[in-house]
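The structure file coords.pdb is reproduced below (PDB, N, CA and C atoms).
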MODEL        1
ATOM      1  N   MET A   1      92.926 158.211 190.938
ATOM      2  CA  MET A   1      92.982 158.468 189.528
ATOM      3  C   MET A   1      94.324 159.054 189.124
ATOM      4  N   LYS A   2      94.936 159.738 190.039
ATOM      5  CA  LYS A   2      96.227 160.361 189.751
ATOM      6  C   LYS A   2      97.259 159.313 189.344
ATOM      7  N   ASN A   3      97.192 158.132 189.974
ATOM      8  CA  ASN A   3      98.135 157.059 189.642
ATOM      9  C   ASN A   3      97.902 156.518 188.236
ATOM     10  N   TYR A   4      96.672 156.593 187.777
ATOM     11  CA  TYR A   4      96.338 156.078 186.452
ATOM     12  C   TYR A   4      96.719 157.073 185.359
ATOM     13  N   SER A   5      96.343 158.346 185.561
ATOM     14  CA  SER A   5      96.618 159.360 184.545
ATOM     15  C   SER A   5      96.575 160.748 185.174
ATOM     16  N   SER A   6      97.609 161.513 184.971
ATOM     17  CA  SER A   6      97.633 162.866 185.524
ATOM     18  C   SER A   6      96.585 163.755 184.843
ATOM     19  N   LYS A   7      96.296 163.465 183.562
ATOM     20  CA  LYS A   7      95.261 164.226 182.850
ATOM     21  C   LYS A   7      93.883 163.986 183.462
ATOM     22  N   LEU A   8      93.601 162.723 183.768
ATOM     23  CA  LEU A   8      92.306 162.390 184.354
ATOM     24  C   LEU A   8      92.140 163.009 185.733
ATOM     25  N   SER A   9      93.198 163.061 186.489
ATOM     26  CA  SER A   9      93.097 163.590 187.844
ATOM     27  C   SER A   9      92.772 165.082 187.859
ATOM     28  N   LYS A  10      92.968 165.758 186.742
ATOM     29  CA  LYS A  10      92.683 167.194 186.667
ATOM     30  C   LYS A  10      91.259 167.488 186.181
ATOM     31  N   LYS A  11      90.559 166.458 185.709
ATOM     32  CA  LYS A  11      89.201 166.655 185.216
ATOM     33  C   LYS A  11      88.209 166.700 186.376
ATOM     34  N   LYS A  12      87.101 167.409 186.148
ATOM     35  CA  LYS A  12      86.054 167.478 187.158
ATOM     36  C   LYS A  12      85.326 166.144 187.219
ATOM     37  N   GLU A  13      84.908 165.780 188.424
ATOM     38  CA  GLU A  13      84.142 164.559 188.623
ATOM     39  C   GLU A  13      82.737 164.909 189.072
ATOM     40  N   LEU A  14      81.808 164.069 188.698
ATOM     41  CA  LEU A  14      80.426 164.203 189.118
ATOM     42  C   LEU A  14      80.001 162.858 189.687
ATOM     43  N   ILE A  15      79.590 162.835 190.949
ATOM     44  CA  ILE A  15      79.112 161.607 191.574
ATOM     45  C   ILE A  15      77.597 161.636 191.533
ATOM     46  N   VAL A  16      77.009 160.607 190.932
ATOM     47  CA  VAL A  16      75.556 160.528 190.807
ATOM     48  C   VAL A  16      75.052 159.380 191.686
ATOM     49  N   LEU A  17      74.186 159.729 192.621
ATOM     50  CA  LEU A  17      73.562 158.723 193.482
ATOM     51  C   LEU A  17      72.221 158.361 192.860
ATOM     52  N   ASN A  18      72.085 157.120 192.460
ATOM     53  CA  ASN A  18      70.896 156.654 191.746
ATOM     54  C   ASN A  18      69.937 155.947 192.708
ATOM     55  N   LYS A  19      68.686 155.878 192.310
ATOM     56  CA  LYS A  19      67.622 155.194 193.063
ATOM     57  C   LYS A  19      67.427 155.789 194.457
ATOM     58  N   THR A  20      67.594 157.090 194.555
ATOM     59  CA  THR A  20      67.472 157.746 195.856
ATOM     60  C   THR A  20      66.036 157.780 196.362
ATOM     61  N   ASP A  21      65.087 157.430 195.508
ATOM     62  CA  ASP A  21      63.692 157.368 195.947
ATOM     63  C   ASP A  21      63.426 156.157 196.843
ATOM     64  N   LEU A  22      64.366 155.216 196.884
ATOM     65  CA  LEU A  22      64.170 153.993 197.661
ATOM     66  C   LEU A  22      64.533 154.141 199.136
ATOM     67  N   ILE A  23      65.191 155.229 199.504
ATOM     68  CA  ILE A  23      65.549 155.430 200.903
ATOM     69  C   ILE A  23      65.038 156.786 201.389
ATOM     70  N   HIS A  24      64.969 156.916 202.679
ATOM     71  CA  HIS A  24      64.441 158.132 203.291
ATOM     72  C   HIS A  24      65.311 159.338 202.951
ATOM     73  N   LYS A  25      64.678 160.481 202.771
ATOM     74  CA  LYS A  25      65.368 161.720 202.388
ATOM     75  C   LYS A  25      66.495 162.077 203.362
ATOM     76  N   ASN A  26      66.289 161.844 204.653
ATOM     77  CA  ASN A  26      67.342 162.130 205.643
ATOM     78  C   ASN A  26      68.587 161.280 205.403
ATOM     79  N   GLU A  27      68.381 160.037 205.011
ATOM     80  CA  GLU A  27      69.508 159.146 204.719
ATOM     81  C   GLU A  27      70.245 159.610 203.465
ATOM     82  N   VAL A  28      69.495 160.048 202.466
ATOM     83  CA  VAL A  28      70.106 160.577 201.237
ATOM     84  C   VAL A  28      70.972 161.787 201.585
ATOM     85  N   ASN A  29      70.442 162.695 202.389
ATOM     86  CA  ASN A  29      71.201 163.886 202.785
ATOM     87  C   ASN A  29      72.471 163.523 203.551
ATOM     88  N   LYS A  30      72.392 162.497 204.405
ATOM     89  CA  LYS A  30      73.572 162.043 205.157
ATOM     90  C   LYS A  30      74.632 161.494 204.204
ATOM     91  N   ILE A  31      74.207 160.718 203.223
ATOM     92  CA  ILE A  31      75.138 160.141 202.244
ATOM     93  C   ILE A  31      75.812 161.255 201.443
ATOM     94  N   ILE A  32      75.023 162.235 201.003
ATOM     95  CA  ILE A  32      75.585 163.367 200.257
ATOM     96  C   ILE A  32      76.611 164.100 201.111
ATOM     97  N   LYS A  33      76.274 164.334 202.361
ATOM     98  CA  LYS A  33      77.182 165.028 203.277
ATOM     99  C   LYS A  33      78.487 164.240 203.454
ATOM    100  N   ASP A  34      78.376 162.916 203.616
ATOM    101  CA  ASP A  34      79.571 162.068 203.776
ATOM    102  C   ASP A  34      80.450 162.113 202.534
ATOM    103  N   PHE A  35      79.847 162.003 201.357
ATOM    104  CA  PHE A  35      80.615 162.085 200.116
ATOM    105  C   PHE A  35      81.296 163.448 199.996
ATOM    106  N   SER A  36      80.558 164.493 200.309
ATOM    107  CA  SER A  36      81.080 165.854 200.167
ATOM    108  C   SER A  36      82.263 166.110 201.095
ATOM    109  N   LYS A  37      82.270 165.466 202.250
ATOM    110  CA  LYS A  37      83.389 165.623 203.185
ATOM    111  C   LYS A  37      84.658 164.966 202.654
ATOM    112  N   ASN A  38      84.485 163.878 201.916
ATOM    113  CA  ASN A  38      85.627 163.053 201.511
ATOM    114  C   ASN A  38      86.097 163.259 200.078
ATOM    115  N   THR A  39      85.435 164.127 199.343
ATOM    116  CA  THR A  39      85.824 164.344 197.947
ATOM    117  C   THR A  39      85.518 165.775 197.540
ATOM    118  N   LYS A  40      86.191 166.228 196.507
ATOM    119  CA  LYS A  40      85.930 167.563 195.962
ATOM    120  C   LYS A  40      84.891 167.498 194.853
ATOM    121  N   SER A  41      84.478 166.305 194.513
ATOM    122  CA  SER A  41      83.521 166.107 193.427
ATOM    123  C   SER A  41      82.130 166.592 193.819
ATOM    124  N   GLU A  42      81.389 167.008 192.814
ATOM    125  CA  GLU A  42      80.005 167.393 193.042
ATOM    126  C   GLU A  42      79.153 166.132 193.169
ATOM    127  N   VAL A  43      78.219 166.138 194.104
ATOM    128  CA  VAL A  43      77.351 164.985 194.332
ATOM    129  C   VAL A  43      75.916 165.397 194.020
ATOM    130  N   VAL A  44      75.271 164.645 193.139
ATOM    131  CA  VAL A  44      73.874 164.904 192.790
ATOM    132  C   VAL A  44      73.079 163.603 192.889
ATOM    133  N   THR A  45      71.775 163.752 193.071
ATOM    134  CA  THR A  45      70.914 162.573 193.200
ATOM    135  C   THR A  45      70.116 162.369 191.919
ATOM    136  N   LEU A  46      69.678 161.133 191.740
ATOM    137  CA  LEU A  46      68.905 160.781 190.555
ATOM    138  C   LEU A  46      67.825 159.792 190.955
ATOM    139  N   SER A  47      66.627 160.083 190.553
ATOM    140  CA  SER A  47      65.507 159.168 190.708
ATOM    141  C   SER A  47      64.686 159.258 189.432
ATOM    142  N   THR A  48      64.507 158.147 188.769
ATOM    143  CA  THR A  48      63.755 158.189 187.517
ATOM    144  C   THR A  48      62.275 158.471 187.761
ATOM    145  N   LEU A  49      61.850 158.375 189.021
ATOM    146  CA  LEU A  49      60.467 158.724 189.346
ATOM    147  C   LEU A  49      60.262 160.240 189.291
ATOM    148  N   GLU A  50      61.347 160.979 189.456
ATOM    149  CA  GLU A  50      61.284 162.436 189.384
ATOM    150  C   GLU A  50      61.897 162.880 188.060
ATOM    151  N   LYS A  51      61.069 163.295 187.149
ATOM    152  CA  LYS A  51      61.550 163.682 185.809
ATOM    153  C   LYS A  51      62.514 164.865 185.875
ATOM    154  N   LYS A  52      62.369 165.727 186.884
ATOM    155  CA  LYS A  52      63.272 166.872 187.025
ATOM    156  C   LYS A  52      64.712 166.420 187.245
ATOM    157  N   SER A  53      64.881 165.311 187.968
ATOM    158  CA  SER A  53      66.247 164.873 188.268
ATOM    159  C   SER A  53      66.982 164.419 187.008
ATOM    160  N   ILE A  54      66.258 163.865 186.052
ATOM    161  CA  ILE A  54      66.888 163.454 184.796
ATOM    162  C   ILE A  54      67.356 164.684 184.025
ATOM    163  N   SER A  55      66.518 165.703 183.978
ATOM    164  CA  SER A  55      66.900 166.953 183.306
ATOM    165  C   SER A  55      68.097 167.597 183.992
ATOM    166  N   LYS A  56      68.130 167.522 185.326
ATOM    167  CA  LYS A  56      69.226 168.097 186.103
ATOM    168  C   LYS A  56      70.554 167.402 185.765
ATOM    169  N   ILE A  57      70.522 166.082 185.679
ATOM    170  CA  ILE A  57      71.726 165.308 185.350
ATOM    171  C   ILE A  57      72.179 165.635 183.924
ATOM    172  N   LYS A  58      71.239 165.700 182.994
ATOM    173  CA  LYS A  58      71.595 166.023 181.605
ATOM    174  C   LYS A  58      72.260 167.389 181.518
ATOM    175  N   ALA A  59      71.712 168.368 182.230
ATOM    176  CA  ALA A  59      72.288 169.717 182.223
ATOM    177  C   ALA A  59      73.692 169.717 182.820
ATOM    178  N   LYS A  60      73.886 168.963 183.895
ATOM    179  CA  LYS A  60      75.218 168.869 184.532
ATOM    180  C   LYS A  60      76.221 168.248 183.572
ATOM    181  N   LEU A  61      75.839 167.170 182.926
ATOM    182  CA  LEU A  61      76.751 166.495 182.009
ATOM    183  C   LEU A  61      77.126 167.387 180.826
ATOM    184  N   ILE A  62      76.151 168.126 180.333
ATOM    185  CA  ILE A  62      76.437 169.052 179.223
ATOM    186  C   ILE A  62      77.400 170.128 179.684
ATOM    187  N   SER A  63      77.195 170.645 180.903
ATOM    188  CA  SER A  63      78.103 171.703 181.400
ATOM    189  C   SER A  63      79.509 171.146 181.632
ATOM    190  N   TYR A  64      79.630 169.892 182.031
ATOM    191  CA  TYR A  64      80.947 169.293 182.235
ATOM    192  C   TYR A  64      81.653 169.038 180.911
ATOM    193  N   ALA A  65      80.874 168.747 179.868
ATOM    194  CA  ALA A  65      81.465 168.441 178.568
ATOM    195  C   ALA A  65      81.888 169.687 177.800
ATOM    196  N   SER A  66      81.287 170.841 178.118
ATOM    197  CA  SER A  66      81.629 172.042 177.373
ATOM    198  C   SER A  66      82.753 172.817 178.004
TER     199      SER A  66
ENDMDL
END

Can you present the structure in this file as structure tokens?
Amino acid sequence: MKNYSSKLSKKKELIVLNKTDLIHKNEVNKIIKDFSKNTKSEVVTLSTLEKKSISKIKAKLISYAS
């Protein structure tokens, strides 16, 4: 992103893993761990089957926008 815009490279990123209900929880945790090792961005999961996860994403997005 730095090559595209220096302003963008300074903004916080949020990585959202969707449809995490389709794979085993251990695999989800491994993916989160791999992403976390390779980026400074926050990684969160989303499953529309879990209504709490939608609220969690909305709260994160609001906090990033303010």

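Every residue of chain A with a DSSP assignment of strand (DSSP E), taken from the backbone, is listed as Leu14, Ile15, Val16, Leu17, Asn18, Glu42, Val43, Val44, Thr45 and Leu46 of chain A.
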
Q. For the atom pair atom CA of Asp34 of chain A and atom CA of Lys52 of chain A, what is the interatomic distance in Å to one decimal place?
A.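 Those two atoms sit 23.9 Å apart.
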
Q: Would you list the contacts of segment 18-28 of chain A as a PyMOL selection string, taking every protein, DNA or RNA residue within 7 Å and counting only N, CA and C atoms, but skipping same-chain residues closer than 5 positions in sequence?
A: chain A and resi 33+44-48

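Here, the PyMOL selection byres ((chain A and resi 41) around 8) matches Lys12, Glu13, Leu14, Ile15, Phe35, Ser36, Asn38, Thr39, Lys40, Glu42, Val43 and Val44 of chain A.
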
Q. Which value, in Å to one decimal, gives the distance between atom N of Ser5 of chain A and atom CA of Ser66 of chain A?
A.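 Atom-to-atom, atom N of Ser5 of chain A to atom CA of Ser66 of chain A, that is 21.7 Å.
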
Q.
Please compute the atom N of Lys58 of chain A-atom C of Lys7 of chain A distance, one decimal, in Å.
A.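 Answer for the atom N of Lys58 of chain A to atom C of Lys7 of chain A separation: 22.7 Å.
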
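For the choices A:Leu17, A:Tyr4, A:Lys11, A:Asn29, the atom-to-atom distance to Ala65 of chain A is smallest for A:Lys11 when using only C-alpha atoms.
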
Q: From the DSSP assignment of the backbone, select every residue of chain A that is helix (DSSP H, G or I), and format the answer as number ranges by chain.
A: A: 6-9, 20-22, 25-38, 51-65

Hey, could you pull the box centre and edge lengths for segment 30-42 of chain A, axis-aligned, 4 Å padding per side, all listed atoms, to one decimal in Å, as JSON?
{"center_x": 79.3, "center_y": 163.9, "center_z": 199.0, "size_x": 21.8, "size_y": 15.4, "size_z": 20.3}
